[in-house]
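First comes the structure, then the notes that go with it.
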Amino acid sequence: MEQHPAQRATPDEHAELVALRDRVARLEGRGPGRSRLRPRSFFAVLLILVAAVLTPLSLLSSWASEVAGDTDRYVGMMKPLASDPEVQAAVTHRVTDAVMDRLDIDALLADVAPADRPVVDKALGKLGGPLTTGVTDFVHGTVEKFVSSDEFERVWTNLNRSAHTSVVKALTGEGGGAVKIAGDTVTLDLAPVIDRVKQRLVDRGLTVAGKIPEIHTDFTLLTSDSVGKAKKGFRALELLGFWLPVFTLLVAAGGVLLAVRRRRALVTAALAVAVGAGLLGLGLWAGRAFYLDSLPPHVSQPAAGAVFDALAGYLRAGVRLVVTVGAVVALAAWLTGRGRAANRVMAMWSGGIGAVRDAAGFTGGPAGRWVHRVRRPLNWTVVVVAVAVLLAWDRPTGLVTVWIALCALFVLAVVEFLDDDSTPHLTAKA
């Protein structure tokens with residue numbers, strides 16, 4: 001009688017066959033080891049989900065820490081607003097109204113010295129129309145020229161620098177200083193701007209403007225029904241600052257290390273973190289629309305939108321960064337796996353570059369053999385360096401991200417091109 005093939009196997013082959021059957025049984029859930037792996041997988045998934053939930057909070061805490069603890073960062077956020085047309089228009093309108101409200105034209109002109117009257121008449125006479133309209137247009141034009149000048153940019157920058165502490169106090173519920181909070185509105189005192197405008201009015205011939213008393217008027221930086229409610233949350237995020245992102249990263253790493261299939265867990269964790277950041281980005285987009293719709297009628301929506309965009313710029317850059325890094329890490333982990341689709345992609349990548357290498361007649365020699373031995377660490381080094389550059393870049397734009405990705409792909413292609421283990425290649429005969 002013919003012997004069964006399994007009975008003809010050597011002891012080592014038989015032991016290997018038994019081990020393979022046991023592994024298949026565990027993977028299919030029939031073996032006793034499956035029950036021991038379930039709690040481990042459960043906690044791995046739980047940690048990854050926690051990391052995804054903490055991702056938007058980590059970005060918010062980093063933003064709060066930057067706004068509260070870094071004056072230069074805050075000034076950098078607000079400085080571009082000095083040249084924003086919508087902000088300039090809103091400041092011009094606000095300052096003009098403040099000056100005209102305190103300018104008694106008839107009484108002030110009656111006090112003009114006879115020697116100064118021709119200068120005033122000459123300045124106002126060109127404007128035509130009623131006297132009040134002429135003065136208003138004159139003041140408006142003077143303010144408009146000032147807010148378009150470099151001097152206004154310097155005043156705006158210095159005002160925001162000195163007001164940084166007050167902004168933090170307003171957001172944490174204390175208040176005071178050049179920035180104050182009344183109800184749910186955070187405002188900026190434009191008194192320094194008005195002082196410069198009064199001097200310019202005097203210089204242009206309207207000397208009576210020098211008699212206008214000190215004026216304090218407010219420019220709305222932020223208004224929302226949720227400002228008061230957000231104070232405690234902002235303070236908590238400010239205190240967490242740097243540590244919450246670190247904790248989130250450790251939680252995600254713990255989930256990956258605890259998982260049975262770590263490569264698959266790494267892909268899942270990277271995508272989960274990217275999705276968490278993406279949800280924050282969607283929240284910013286939707287929140288901006290709701291915020292502008294809830295503004296009072298006297299607040300300029302375009303200017304308020306510019307302020308919102310300036311304050312949210314750091315957050316948006318963080319969202320783009322986390323989404324990009326998450327996608328890159330997930331793609332790298334997937335491509336280095338053993339899945340059928342990943343193997344096909346890598347085969348096309350290697351085959352295409354290998355065809356170019358063979359067509360060029362390139363032989364790597366000792367360098368090629370060395371690259372072949374360390375190709376996997378080299379590839380991961382390229383990915384890590386690209387991610388590190390992206391993380392170190394201050395507010396990377398979409399174009400910067402694309403260029404970093406293209407440079408990483410080029411280096412990976414060079415590594416693949418140099419990878420030659422000196423194995424003879426078949427060549428087609430003519």
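A note on labels: chains of the structure tokens are A, B, ... as shown, every chain counts residues from 1, and ligands are counted from 1 in their shown order.
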**Q.** Spatial neighbours of Phe146 of chain A, max dist 9 Å, only C-alpha atoms, sep filter under 2 positions, as a ChimeraX atom specification
**A.** /A:92,141-144,148-152,193,196-197,200
(Q) I'd like the neighbourhood of segment 257-273 of chain A as an MDAnalysis selection string, where a residue qualifies if any of its atoms comes within 10 Å (using only C-alpha atoms), though same-chain residues fewer than 2 positions away should be ignored. (A) chainID A and resid 37:45 47:56 248:249 251:255 275:279 322:334 336:338
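Among the candidate residues A:Ala360, A:Ala347, A:Met78, A:Ala303, the one lying nearest to Asn160 of chain A is A:Met78, with distances computed using only C-alpha atoms.
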Q | Selected residue of minimal separation from Pro80 of chain A among A:Leu244, A:Val307, A:Leu237, A:Ala191, counting only C-alpha atoms | A | A:Val307
